[in-house]
file model-v5.csv (CSV, C-alpha atoms and all ligand atoms)
chain,number,residue,atom,x,y,z
A,211,MET,CA,-9.8,2.5,13.8
A,212,ILE,CA,-8.8,5.7,12.2
A,213,THR,CA,-7.4,8.5,14.3
A,214,MET,CA,-7.1,11.8,12.5
A,215,HIS,CA,-3.8,13.5,13.0
A,216,SER,CA,-3.6,17.2,13.8
A,217,TRP,CA,-0.8,17.7,11.2
A,218,PHE,CA,-2.9,16.1,8.5
A,219,ALA,CA,-4.4,18.8,6.3
A,220,ASN,CA,-8.1,18.9,6.0
A,221,PRO,CA,-8.7,16.7,9.0
A,222,GLN,CA,-12.5,16.3,8.6
A,223,ASN,CA,-12.3,15.4,5.0
A,224,LEU,CA,-10.2,13.6,2.6
A,225,LEU,CA,-6.7,14.6,1.7
A,226,VAL,CA,-6.5,14.8,-2.0
A,227,ILE,CA,-3.1,15.1,-3.6
A,228,ALA,CA,-3.3,15.9,-7.3
A,229,GLY,CA,-0.9,17.0,-10.0
A,230,PRO,CA,1.1,15.7,-12.8
A,231,CYS,CA,3.2,12.5,-12.7
A,232,SER,CA,6.2,14.7,-13.7
A,233,VAL,CA,6.8,18.5,-13.7
A,234,GLU,CA,7.6,19.0,-17.4
A,235,SER,CA,7.6,22.7,-18.0
A,236,GLU,CA,6.8,26.0,-16.4
A,237,ASP,CA,3.7,26.3,-18.5
A,238,GLN,CA,2.5,22.7,-17.8
A,239,ILE,CA,2.8,22.9,-14.0
A,240,MET,CA,1.4,26.4,-13.8
A,241,SER,CA,-1.7,25.7,-16.0
A,242,THR,CA,-2.3,22.4,-14.2
A,243,ALA,CA,-2.0,24.0,-10.8
A,244,ARG,CA,-4.3,26.9,-11.7
A,245,ALA,CA,-7.0,24.4,-12.8
A,246,LEU,CA,-6.5,22.2,-9.7
A,247,VAL,CA,-6.8,25.0,-7.2
A,248,GLN,CA,-10.4,25.5,-8.4
A,249,ILE,CA,-11.3,22.1,-7.1
A,250,PRO,CA,-12.1,22.5,-3.4
A,251,GLU,CA,-11.2,18.9,-2.4
A,252,VAL,CA,-7.6,19.3,-3.8
A,253,SER,CA,-5.3,20.1,-0.9
A,254,LEU,CA,-1.8,19.3,-2.1
A,255,LEU,CA,-0.1,19.7,-5.5
A,256,ARG,CA,2.1,16.8,-6.5
A,257,GLY,CA,4.8,16.9,-9.2
A,258,GLY,CA,7.6,14.4,-9.9
A,259,ILE,CA,11.0,16.1,-10.2
A,260,TRP,CA,13.3,13.0,-10.3
A,261,LYS,CA,11.6,10.1,-12.1
A,262,PRO,CA,12.7,6.5,-11.5
A,263,ARG,CA,12.5,5.0,-15.0
A,264,THR,CA,12.6,1.4,-15.9
A,265,ARG,CA,14.9,2.0,-18.9
A,266,PRO,CA,17.6,4.5,-19.4
A,267,ASP,CA,17.2,7.3,-22.0
A,268,ALA,CA,13.5,7.9,-20.9
A,269,PHE,CA,12.6,11.3,-19.5
A,270,GLU,CA,14.0,11.4,-16.0
A,271,GLY,CA,12.5,14.6,-14.7
A,272,ARG,CA,13.5,18.2,-14.8
A,273,GLY,CA,15.5,18.3,-11.5
A,274,GLU,CA,16.2,21.6,-9.9
A,275,GLU,CA,14.7,23.7,-12.6
A,276,GLY,CA,11.4,21.9,-12.0
A,277,LEU,CA,11.5,22.6,-8.3
A,278,ALA,CA,11.6,26.3,-9.1
A,279,TRP,CA,8.5,26.0,-11.2
A,280,LEU,CA,6.8,23.9,-8.5
A,281,ARG,CA,7.5,26.6,-6.0
A,282,GLN,CA,6.2,29.3,-8.3
A,283,ALA,CA,2.9,27.2,-8.7
A,284,LYS,CA,2.7,27.1,-4.9
A,285,HIS,CA,3.2,30.8,-4.5
A,286,GLU,CA,0.6,31.7,-7.2
A,287,THR,CA,-2.1,29.2,-6.1
A,288,GLY,CA,-1.4,28.8,-2.4
A,289,LEU,CA,-1.4,25.0,-2.8
A,290,PRO,CA,1.3,23.3,-0.7
A,291,THR,CA,3.5,21.0,-2.7
A,292,ALA,CA,4.7,17.4,-2.6
A,293,THR,CA,7.4,15.5,-4.5
A,294,GLU,CA,9.2,12.2,-4.5
A,295,VAL,CA,12.7,12.0,-2.9
A,296,ALA,CA,15.0,9.1,-3.4
A,297,THR,CA,18.4,10.4,-2.3
A,298,PRO,CA,19.8,12.8,0.4
A,299,ALA,CA,20.6,15.2,-2.4
A,300,HIS,CA,17.0,15.2,-3.5
A,301,VAL,CA,16.0,16.0,0.1
A,302,GLU,CA,18.3,18.9,0.3
A,303,LEU,CA,17.1,20.4,-2.9
A,304,ALA,CA,13.4,19.8,-2.1
A,305,LEU,CA,13.8,21.6,1.2
A,306,LYS,CA,15.7,24.5,-0.5
A,307,TYR,CA,12.6,25.0,-2.7
A,308,ASP,CA,10.1,24.8,0.2
A,309,VAL,CA,8.4,21.6,-0.8
A,310,ASP,CA,5.9,20.9,1.9
A,311,VAL,CA,5.5,17.1,1.8
A,312,LEU,CA,8.1,14.6,0.7
A,313,TRP,CA,7.2,11.1,-0.4
A,314,LEU,CA,9.2,7.9,-0.9
A,315,GLY,CA,8.5,6.0,-4.0
A,316,ALA,CA,7.7,2.3,-4.3
A,317,ARG,CA,11.2,1.5,-5.8
A,318,THR,CA,13.0,3.3,-3.0
A,319,VAL,CA,11.0,1.6,-0.2
A,320,VAL,CA,12.3,-1.9,-1.3
A,321,ASN,CA,15.8,-0.8,-0.4
A,322,PRO,CA,16.5,-0.4,3.4
A,323,PHE,CA,19.9,1.3,2.7
A,324,SER,CA,18.1,4.1,0.7
A,325,VAL,CA,15.3,4.4,3.3
A,326,GLN,CA,17.9,4.7,6.1
A,327,GLN,CA,19.9,7.4,4.2
A,328,LEU,CA,16.7,9.4,3.7
A,329,ALA,CA,15.7,9.0,7.4
A,330,ASP,CA,19.2,10.2,8.4
A,331,ALA,CA,19.0,13.1,6.0
A,332,LEU,CA,15.7,14.2,7.6
A,333,LYS,CA,16.7,13.6,11.2
A,334,GLY,CA,15.5,16.5,13.3
A,335,ILE,CA,13.4,18.0,10.5
A,336,ASP,CA,9.7,17.2,11.2
A,337,ILE,CA,8.4,17.6,7.7
A,338,PRO,CA,5.5,15.3,6.6
A,339,VAL,CA,6.8,12.2,4.9
A,340,PHE,CA,4.5,9.9,3.0
A,341,ILE,CA,5.8,6.4,2.5
A,342,LYS,CA,4.6,4.4,-0.5
A,343,ASN,CA,4.3,0.6,-0.3
A,344,PRO,CA,7.3,-1.2,-1.7
A,345,VAL,CA,6.8,-2.7,-5.2
A,346,SER,CA,6.7,-6.2,-3.8
A,347,PRO,CA,3.9,-7.3,-1.5
A,348,ASP,CA,6.0,-7.3,1.7
A,349,LEU,CA,4.3,-5.8,4.7
A,350,ASN,CA,7.5,-5.9,6.9
A,351,LEU,CA,9.5,-3.9,4.4
A,352,TRP,CA,6.8,-1.2,4.4
A,353,LEU,CA,6.6,-1.3,8.3
A,354,GLY,CA,10.4,-1.2,8.4
A,355,ALA,CA,10.5,2.1,6.4
A,356,PHE,CA,8.1,3.7,9.0
A,357,GLU,CA,10.2,2.5,11.8
A,358,ARG,CA,13.4,4.0,10.3
A,359,PHE,CA,11.6,7.4,10.1
A,360,GLN,CA,10.1,7.1,13.6
A,361,LYS,CA,13.6,6.3,15.0
A,362,ALA,CA,14.9,9.5,13.3
A,363,GLY,CA,12.2,11.5,15.2
A,364,LEU,CA,9.8,12.2,12.4
A,365,THR,CA,6.2,12.2,13.5
A,366,LYS,CA,4.2,13.3,10.5
A,367,LEU,CA,4.1,10.1,8.6
A,368,ALA,CA,1.4,8.7,6.3
A,369,ALA,CA,1.2,5.6,4.1
A,370,ILE,CA,0.5,5.7,0.4
A,371,HIS,CA,-1.0,2.5,-1.1
A,372,ARG,CA,-0.1,2.3,-4.8
A,373,GLY,CA,-0.6,-1.5,-5.4
A,374,PHE,CA,1.9,-4.3,-5.8
A,375,SER,CA,3.7,-6.1,-8.7
A,376,TYR,CA,1.9,-9.3,-9.3
A,377,TYR,CA,2.8,-12.3,-11.3
A,378,LYS,CA,-0.8,-13.0,-12.5
A,379,GLU,CA,-2.6,-11.3,-15.4
A,380,SER,CA,-4.8,-8.5,-13.9
A,381,PRO,CA,-6.6,-5.4,-15.2
A,382,TYR,CA,-4.5,-3.3,-12.8
A,383,ARG,CA,-1.0,-2.0,-13.4
A,384,ASN,CA,-0.3,-2.8,-9.7
A,385,PHE,CA,-2.5,-5.3,-7.9
A,386,PRO,CA,-4.2,-3.6,-5.0
A,387,MET,CA,-4.1,-6.5,-2.4
A,388,TRP,CA,-6.2,-4.3,-0.1
A,389,GLU,CA,-5.5,-6.5,2.9
A,390,ILE,CA,-1.9,-5.3,3.1
A,391,PRO,CA,-2.5,-1.6,3.6
A,392,ILE,CA,-5.4,-2.5,5.9
A,393,GLU,CA,-3.0,-4.6,8.0
A,394,LEU,CA,-0.5,-1.8,8.0
A,395,THR,CA,-3.0,0.7,9.4
A,396,GLN,CA,-4.0,-1.8,12.0
A,397,ARG,CA,-0.4,-2.1,13.1
A,398,LEU,CA,0.6,1.6,12.8
A,399,ASN,CA,-1.5,4.6,13.7
A,400,VAL,CA,-1.0,6.4,10.4
A,401,PRO,CA,-3.3,7.9,7.8
A,402,LEU,CA,-3.7,5.9,4.6
A,403,ILE,CA,-3.8,7.6,1.2
A,404,THR,CA,-4.7,5.6,-1.9
A,405,ASP,CA,-2.8,6.3,-5.1
A,406,VAL,CA,-5.4,5.1,-7.5
A,407,SER,CA,-3.4,6.3,-10.5
A,408,HIS,CA,-0.5,3.8,-10.0
A,409,ILE,CA,-2.9,1.0,-8.9
A,410,CYS,CA,-5.0,1.3,-12.1
A,411,GLY,CA,-2.5,2.4,-14.7
A,412,ASN,CA,-5.3,3.6,-16.9
A,413,ARG,CA,-8.1,6.1,-16.7
A,414,ASP,CA,-11.0,3.7,-17.0
A,415,LEU,CA,-10.5,2.0,-13.7
A,416,LEU,CA,-10.0,5.1,-11.6
A,417,GLN,CA,-13.5,5.8,-10.5
A,418,ALA,CA,-14.4,2.3,-9.4
A,419,THR,CA,-11.0,1.9,-7.6
A,420,ALA,CA,-11.4,5.2,-5.8
A,421,GLN,CA,-14.9,4.2,-4.7
A,422,LYS,CA,-13.6,0.9,-3.4
A,423,ALA,CA,-10.8,2.7,-1.4
A,424,LEU,CA,-13.4,5.1,0.0
A,425,ASP,CA,-15.6,2.2,1.1
A,426,LEU,CA,-12.6,0.8,2.9
A,427,ALA,CA,-12.2,4.1,4.7
A,428,THR,CA,-9.2,5.6,3.0
A,429,ASP,CA,-8.0,8.9,4.4
A,430,GLY,CA,-7.1,10.4,1.1
A,431,PHE,CA,-6.2,10.0,-2.6
A,432,MET,CA,-3.2,10.6,-4.8
A,433,ILE,CA,-4.4,11.1,-8.3
A,434,GLU,CA,-2.3,12.2,-11.2
A,435,SER,CA,-3.7,15.1,-13.1
A,436,HIS,CA,-2.2,16.8,-16.2
A,437,ILE,CA,-3.5,19.7,-18.2
A,438,HIS,CA,-2.9,17.7,-21.4
A,439,PRO,CA,-2.7,14.0,-20.2
A,440,ASP,CA,-2.2,12.5,-23.7
A,441,GLU,CA,0.9,14.6,-24.2
A,442,ALA,CA,2.4,13.7,-20.8
A,443,LEU,CA,6.0,12.6,-20.8
A,444,THR,CA,5.4,9.9,-18.2
A,445,ASP,CA,2.4,7.8,-17.3
A,446,ALA,CA,0.2,9.3,-20.0
A,447,LYS,CA,-2.5,6.6,-19.9
A,448,GLN,CA,-3.3,7.0,-16.3
A,449,GLN,CA,-3.4,10.8,-16.0
A,450,ILE,CA,-6.6,12.8,-16.2
A,451,THR,CA,-7.4,16.5,-16.8
A,452,PRO,CA,-8.3,18.6,-13.8
A,453,ASP,CA,-11.9,18.7,-15.2
A,454,ALA,CA,-12.1,14.9,-15.2
A,455,LEU,CA,-10.7,14.9,-11.7
A,456,LYS,CA,-13.4,17.2,-10.6
A,457,GLU,CA,-16.0,15.0,-12.1
A,458,LEU,CA,-14.5,11.9,-10.6
A,459,LEU,CA,-14.4,13.4,-7.1
A,460,SER,CA,-18.0,14.5,-7.3
A,461,SER,CA,-19.1,11.1,-8.5
A,462,LEU,CA,-17.9,9.4,-5.3
A,463,THR,CA,-20.2,8.3,-2.6
A,464,PHE,CA,-19.0,9.2,0.9
A,465,ARG,CA,-20.1,6.9,3.6
A,466,ALA,CA,-20.1,7.8,7.3
A,467,LYS,CA,-16.5,7.3,8.5
A,468,LYS,CA,-17.8,4.8,11.0
A,469,SER,CA,-19.2,2.5,8.4
A,470,GLY,CA,-15.9,3.0,6.5
A,471,ASP,CA,-14.1,1.7,9.6
A,472,VAL,CA,-16.3,-1.3,9.8
A,473,GLU,CA,-15.7,-1.9,6.0
A,474,ARG,CA,-12.0,-1.7,6.5
A,475,ASP,CA,-11.9,-4.1,9.5
A,476,LEU,CA,-14.2,-6.5,7.5
A,477,ALA,CA,-12.0,-6.3,4.5
A,478,GLY,CA,-9.0,-7.3,6.5
A,479,LEU,CA,-10.9,-10.3,8.0
A,480,ARG,CA,-12.3,-11.2,4.6
A,481,GLY,CA,-8.7,-11.2,3.2
A,482,GLU,CA,-7.8,-13.7,5.9
A,483,ILE,CA,-10.8,-15.9,5.0
A,484,ASP,CA,-9.8,-15.8,1.4
A,485,ASP,CA,-6.3,-17.0,2.2
A,486,ILE,CA,-7.7,-19.8,4.4
A,487,ASP,CA,-10.2,-20.9,1.7
A,488,ALA,CA,-7.4,-20.9,-0.8
A,489,GLU,CA,-5.4,-23.3,1.5
A,490,LEU,CA,-8.5,-25.4,2.1
A,491,LEU,CA,-8.9,-25.8,-1.7
A,492,GLN,CA,-5.3,-26.8,-2.1
A,493,LEU,CA,-5.7,-29.4,0.6
A,494,LEU,CA,-9.0,-30.7,-0.9
A,495,ALA,CA,-7.3,-31.1,-4.2
A,496,ARG,CA,-4.4,-33.0,-2.7
A,497,ARG,CA,-6.8,-35.2,-0.8
A,498,MET,CA,-8.7,-36.0,-3.9
A,499,GLU,CA,-5.5,-36.8,-5.7
A,500,VAL,CA,-4.4,-39.3,-3.0
A,501,SER,CA,-7.8,-40.8,-2.9
A,502,ALA,CA,-7.6,-41.4,-6.7
A,503,GLN,CA,-4.2,-43.1,-6.2
A,504,ILE,CA,-5.9,-45.4,-3.6
A,505,GLY,CA,-8.7,-46.1,-6.1
A,506,ALA,CA,-6.1,-47.1,-8.7
A,507,TYR,CA,-4.4,-49.4,-6.2
A,508,LYS,CA,-7.7,-51.0,-5.1
A,509,LYS,CA,-8.5,-51.7,-8.7
A,510,ARG,CA,-5.2,-53.4,-9.4
A,511,ASN,CA,-5.6,-55.5,-6.2
A,512,ASN,CA,-9.3,-56.2,-6.5
A,513,VAL,CA,-10.3,-54.5,-3.3
A,514,THR,CA,-13.8,-53.0,-2.9
A,515,VAL,CA,-14.1,-49.2,-3.0
A,516,VAL,CA,-16.1,-48.7,0.3
A,517,GLN,CA,-14.7,-50.1,3.5
A,518,MET,CA,-17.3,-49.2,6.0
A,519,ASP,CA,-15.3,-50.0,9.2
A,520,ARG,CA,-12.4,-47.8,8.2
A,521,TRP,CA,-14.7,-44.9,7.4
A,522,LYS,CA,-16.6,-45.1,10.7
A,523,LYS,CA,-13.3,-45.1,12.6
A,524,ILE,CA,-12.0,-42.1,10.6
A,525,LEU,CA,-15.2,-40.2,11.2
A,526,SER,CA,-15.3,-40.8,15.0
A,527,ASP,CA,-11.6,-39.9,15.3
A,528,HIS,CA,-12.2,-36.6,13.4
A,529,GLN,CA,-15.2,-35.8,15.6
A,530,ALA,CA,-13.1,-36.3,18.7
A,531,THR,CA,-10.4,-34.1,17.4
A,532,GLY,CA,-13.0,-31.6,16.2
A,533,GLU,CA,-14.5,-31.4,19.6
A,534,ASP,CA,-11.1,-30.5,21.1
A,535,LEU,CA,-10.9,-27.7,18.6
A,536,GLY,CA,-14.4,-26.4,19.4
A,537,LEU,CA,-16.1,-27.9,16.3
A,538,SER,CA,-19.4,-29.7,16.6
A,539,PRO,CA,-19.7,-33.4,15.7
A,540,ASP,CA,-22.5,-32.5,13.3
A,541,LEU,CA,-20.3,-30.1,11.4
A,542,ILE,CA,-17.5,-32.6,11.2
A,543,ALA,CA,-20.0,-35.3,10.0
A,544,GLU,CA,-21.4,-33.1,7.3
A,545,VAL,CA,-18.1,-31.9,6.0
A,546,PHE,CA,-16.4,-35.3,6.0
A,547,GLU,CA,-19.5,-37.1,4.6
A,548,ALA,CA,-19.4,-34.8,1.6
A,549,ILE,CA,-15.7,-35.3,1.1
A,550,HIS,CA,-16.0,-39.0,1.6
A,551,GLN,CA,-18.8,-39.3,-0.9
A,552,ALA,CA,-16.8,-37.3,-3.5
A,553,SER,CA,-13.9,-39.7,-2.9
A,554,ILE,CA,-16.1,-42.7,-3.4
A,555,ARG,CA,-17.5,-41.3,-6.6
A,556,ARG,CA,-14.0,-40.7,-7.9
A,557,GLN,CA,-12.8,-44.2,-6.9
A,558,SER,CA,-15.9,-45.8,-8.6
A,559,GLU,CA,-15.1,-43.9,-11.8
A,560,ILE,CA,-11.6,-45.3,-11.7
A,561,MET,CA,-13.0,-48.8,-11.2
A,562,ASP,CA,-15.3,-48.3,-14.2
A,563,GLU,CA,-12.5,-47.1,-16.4
A,564,ASN,CA,-10.9,-49.8,-18.5
A,601,LIG,C1,4.9,8.5,-9.1
A,601,LIG,O1,4.2,8.8,-8.1
A,601,LIG,O2,4.9,9.1,-10.1
A,601,LIG,C2,5.7,7.2,-9.0
A,601,LIG,C3,6.8,7.0,-9.7
A,601,LIG,O3,5.1,6.3,-8.2
A,601,LIG,P1,5.5,4.9,-7.6
A,601,LIG,O4,6.7,5.1,-6.8
A,601,LIG,O5,4.3,4.5,-6.8
A,601,LIG,O6,5.8,4.0,-8.8
A,602,MN,MN,3.5,8.4,-12.2
call {"tool": "encode", "arguments": {"input": "model-v5.csv", "output": "structure tokens", "more": "lines below"}}
Ligand code: PEP
Ligand code: MN
result
Amino acid sequence: MITMHSWFANPQNLLVIAGPCSVESEDQIMSTARALVQIPEVSLLRGGIWKPRTRPDAFEGRGEEGLAWLRQAKHETGLPTATEVATPAHVELALKYDVDVLWLGARTVVNPFSVQQLADALKGIDIPVFIKNPVSPDLNLWLGAFERFQKAGLTKLAAIHRGFSYYKESPYRNFPMWEIPIELTQRLNVPLITDVSHICGNRDLLQATAQKALDLATDGFMIESHIHPDEALTDAKQQITPDALKELLSSLTFRAKKSGDVERDLAGLRGEIDDIDAELLQLLARRMEVSAQIGAYKKRNNVTVVQMDRWKKILSDHQATGEDLGLSPDLIAEVFEAIHQASIRRQSEIMDEN
């Protein structure tokens, strides 16, 4: 279920937030903004002013000077602006320079102390605040950040999905784990914006990921766009020119919102099925392992593999338990026959080994 929110710009359509990862110079933000305002879908200009960097000595943003350029870009193009705030001092400066939307970055949302300080700093100021998911795949931490702002009286909240740190190899910079933002929007009635740039980490994946987000009924995008992406001081690989952004947006297929809602609900349920299947697989593997141990024992002790009486008893017990759980005896017979046959094959192989 998606309810559009009156404060949410461009309510019939998608909210597209575009602009450079970092505001780097007056010329860079002005020329980027002038190109972006030509794209009708773009409704908000982003620009990072304070950059959370992994290592010291990297470019950490222009600070207050950058805010003055961002405001100049807003005045010239008419595009409202958005920037990341991580401390109460950032909030104060961003408000001083008329930033229209504030967002909390993924590294800030992992820290409830920081989130609370920001909520306190914004108490009584009903500016839109967009909350990125925390770096770690922790739904409660993300929900908690919303609750802190709600308690402070802020009503114009939206979620930004930017993917999660993941221990496995993946083509993404941050693994999407779509079921987490879907679950968030089912628990909270907030719009969901997909930050495809930070999910993908490179230009090649942007289009497919944006289409996927749209199929899951996203309410908007955050996409990093820079007039000269290759020269960007931060996140160069994932930024695209305003021309490329225009092309990307026009390549997307918009489905009726209703079918998007259905897709989003289905994706949540499919995520659940995937988790259950993963558990079933683990259990099956464990069962086969124990069955192999029994096979080895039978071999050492000269016991036959198949013991029909025990198997008949197991099956009828499972069918009785299954019936209590609403599962038909036929289903139980089919599933456990297959598992039993596989166990017998495994144990026979063990018998044949010398
Ligand atoms: C950004 O938007 O440039 C940024 C630093 O994002 P995140 O907090 O998602 O890493
Ligand atoms: Mn970035």
call {"tool": "closest_atom_pairs", "arguments": {"input": "model-v5.csv", "of": "chain A", "to": "ligand MN 602 (chain A)", "cutoff": "12 Å", "atoms": "only C-alpha atoms and all ligand atoms", "output": "Markdown table"}}
result
| residue | atom | partner | partner_atom | distance |
| --- | --- | --- | --- | --- |
| A:Ala228 | CA | A:MN602 | MN | 11.2 |
| A:Gly229 | CA | A:MN602 | MN | 9.9 |
| A:Pro230 | CA | A:MN602 | MN | 7.7 |
| A:Cys231 | CA | A:MN602 | MN | 4.1 |
| A:Ser232 | CA | A:MN602 | MN | 7.0 |
| A:Val233 | CA | A:MN602 | MN | 10.7 |
| A:Arg256 | CA | A:MN602 | MN | 10.2 |
| A:Gly257 | CA | A:MN602 | MN | 9.1 |
| A:Gly258 | CA | A:MN602 | MN | 7.6 |
| A:Ile259 | CA | A:MN602 | MN | 10.9 |
| A:Trp260 | CA | A:MN602 | MN | 11.0 |
| A:Lys261 | CA | A:MN602 | MN | 8.3 |
| A:Pro262 | CA | A:MN602 | MN | 9.4 |
| A:Arg263 | CA | A:MN602 | MN | 10.0 |
| A:Glu270 | CA | A:MN602 | MN | 11.6 |
| A:Gly271 | CA | A:MN602 | MN | 11.2 |
| A:Thr293 | CA | A:MN602 | MN | 11.2 |
| A:Glu294 | CA | A:MN602 | MN | 10.3 |
| A:Gly315 | CA | A:MN602 | MN | 9.9 |
| A:Ala316 | CA | A:MN602 | MN | 10.8 |
| A:Arg372 | CA | A:MN602 | MN | 10.2 |
| A:Arg383 | CA | A:MN602 | MN | 11.4 |
| A:Asp405 | CA | A:MN602 | MN | 9.7 |
| A:Val406 | CA | A:MN602 | MN | 10.6 |
| A:Ser407 | CA | A:MN602 | MN | 7.4 |
| A:His408 | CA | A:MN602 | MN | 6.5 |
| A:Ile409 | CA | A:MN602 | MN | 10.3 |
| A:Cys410 | CA | A:MN602 | MN | 11.1 |
| A:Gly411 | CA | A:MN602 | MN | 8.8 |
| A:Asn412 | CA | A:MN602 | MN | 11.1 |
| A:Met432 | CA | A:MN602 | MN | 10.2 |
| A:Ile433 | CA | A:MN602 | MN | 9.2 |
| A:Glu434 | CA | A:MN602 | MN | 7.0 |
| A:Ser435 | CA | A:MN602 | MN | 9.9 |
| A:His436 | CA | A:MN602 | MN | 10.9 |
| A:Pro439 | CA | A:MN602 | MN | 11.6 |
| A:Ala442 | CA | A:MN602 | MN | 10.2 |
| A:Leu443 | CA | A:MN602 | MN | 9.9 |
| A:Thr444 | CA | A:MN602 | MN | 6.5 |
| A:Asp445 | CA | A:MN602 | MN | 5.3 |
| A:Ala446 | CA | A:MN602 | MN | 8.5 |
| A:Lys447 | CA | A:MN602 | MN | 9.9 |
| A:Gln448 | CA | A:MN602 | MN | 8.1 |
| A:Gln449 | CA | A:MN602 | MN | 8.2 |
| A:Ile450 | CA | A:MN602 | MN | 11.7 |
call {"tool": "closest_residue", "arguments": {"input": "model-v5.csv", "among": "A:Phe464, A:Tyr377, A:Phe359, A:Phe431", "to": "Ser324 (chain A)", "atoms": "all atoms listed in the file"}}
result
A:Phe359
call {"tool": "residues_around", "arguments": {"input": "model-v5.csv", "residues": "region 482-487 of chain A", "least_positions_apart": "5", "cutoff": "9 Å", "atoms": "only C-alpha atoms", "output": "list in words"}}
result
Glu389, Ala477 and Gln492 of chain A
call {"tool": "atom_distance", "arguments": {"input": "model-v5.csv", "atom1": "atom O4 of ligand LIG 601 (chain A)", "atom2": "CA of Leu479 (chain A)"}}
result
27.7 Å
call {"tool": "closest_residue", "arguments": {"input": "model-v5.csv", "among": "A:Thr514, A:Ser380, A:Trp352, A:Val345", "to": "ligand LIG 601 (chain A)", "atoms": "all atoms listed in the file"}}
result
A:Val345
call {"tool": "atom_distance", "arguments": {"input": "model-v5.csv", "atom1": "CA of Leu255 (chain A)", "atom2": "CA of Pro452 (chain A)"}}
result
11.7 Å
call {"tool": "build_atoms", "arguments": {"input": "model-v5.csv", "residues": "region 421-426 of chain A", "atoms": "all heavy atoms", "output": "short mmCIF file (atom, residue, chain, number, x, y, z; two decimals), keeping the file's coordinate frame"}}
result
data_model
loop_
_atom_site.label_atom_id
_atom_site.label_comp_id
_atom_site.auth_asym_id
_atom_site.auth_seq_id
_atom_site.Cartn_x
_atom_site.Cartn_y
_atom_site.Cartn_z
N GLN A 421 -13.72 4.53 -5.48
CA GLN A 421 -14.90 4.20 -4.70
C GLN A 421 -14.62 3.08 -3.69
O GLN A 421 -14.97 3.13 -2.52
CB GLN A 421 -16.12 3.92 -5.54
CG GLN A 421 -17.41 3.72 -4.75
CD GLN A 421 -17.83 4.98 -3.99
OE1 GLN A 421 -18.03 6.04 -4.59
NE2 GLN A 421 -17.92 4.90 -2.67
N LYS A 422 -13.94 2.08 -4.21
CA LYS A 422 -13.60 0.90 -3.40
C LYS A 422 -12.71 1.38 -2.19
O LYS A 422 -12.93 0.99 -1.04
CB LYS A 422 -12.85 -0.11 -4.23
CG LYS A 422 -12.14 -1.20 -3.49
CD LYS A 422 -13.02 -2.40 -3.30
CE LYS A 422 -12.29 -3.49 -2.53
NZ LYS A 422 -13.17 -4.50 -2.01
N ALA A 423 -11.72 2.24 -2.49
CA ALA A 423 -10.80 2.70 -1.40
C ALA A 423 -11.62 3.51 -0.39
O ALA A 423 -11.39 3.39 0.81
CB ALA A 423 -9.73 3.60 -2.05
N LEU A 424 -12.57 4.28 -0.88
CA LEU A 424 -13.40 5.10 0.00
C LEU A 424 -14.25 4.18 0.91
O LEU A 424 -14.40 4.42 2.11
CB LEU A 424 -14.28 5.98 -0.84
CG LEU A 424 -14.65 7.34 -0.32
CD1 LEU A 424 -13.47 8.10 0.21
CD2 LEU A 424 -15.33 8.13 -1.45
N ASP A 425 -14.78 3.12 0.33
CA ASP A 425 -15.60 2.20 1.10
C ASP A 425 -14.76 1.48 2.18
O ASP A 425 -15.29 1.07 3.20
CB ASP A 425 -16.21 1.11 0.17
CG ASP A 425 -17.20 1.73 -0.81
OD1 ASP A 425 -17.59 2.90 -0.60
OD2 ASP A 425 -17.58 1.05 -1.78
N LEU A 426 -13.46 1.38 1.91
CA LEU A 426 -12.60 0.80 2.90
C LEU A 426 -11.99 1.86 3.84
O LEU A 426 -11.02 1.62 4.55
CB LEU A 426 -11.42 0.05 2.22
CG LEU A 426 -11.83 -1.16 1.38
CD1 LEU A 426 -10.62 -1.78 0.70
CD2 LEU A 426 -12.51 -2.20 2.25
#
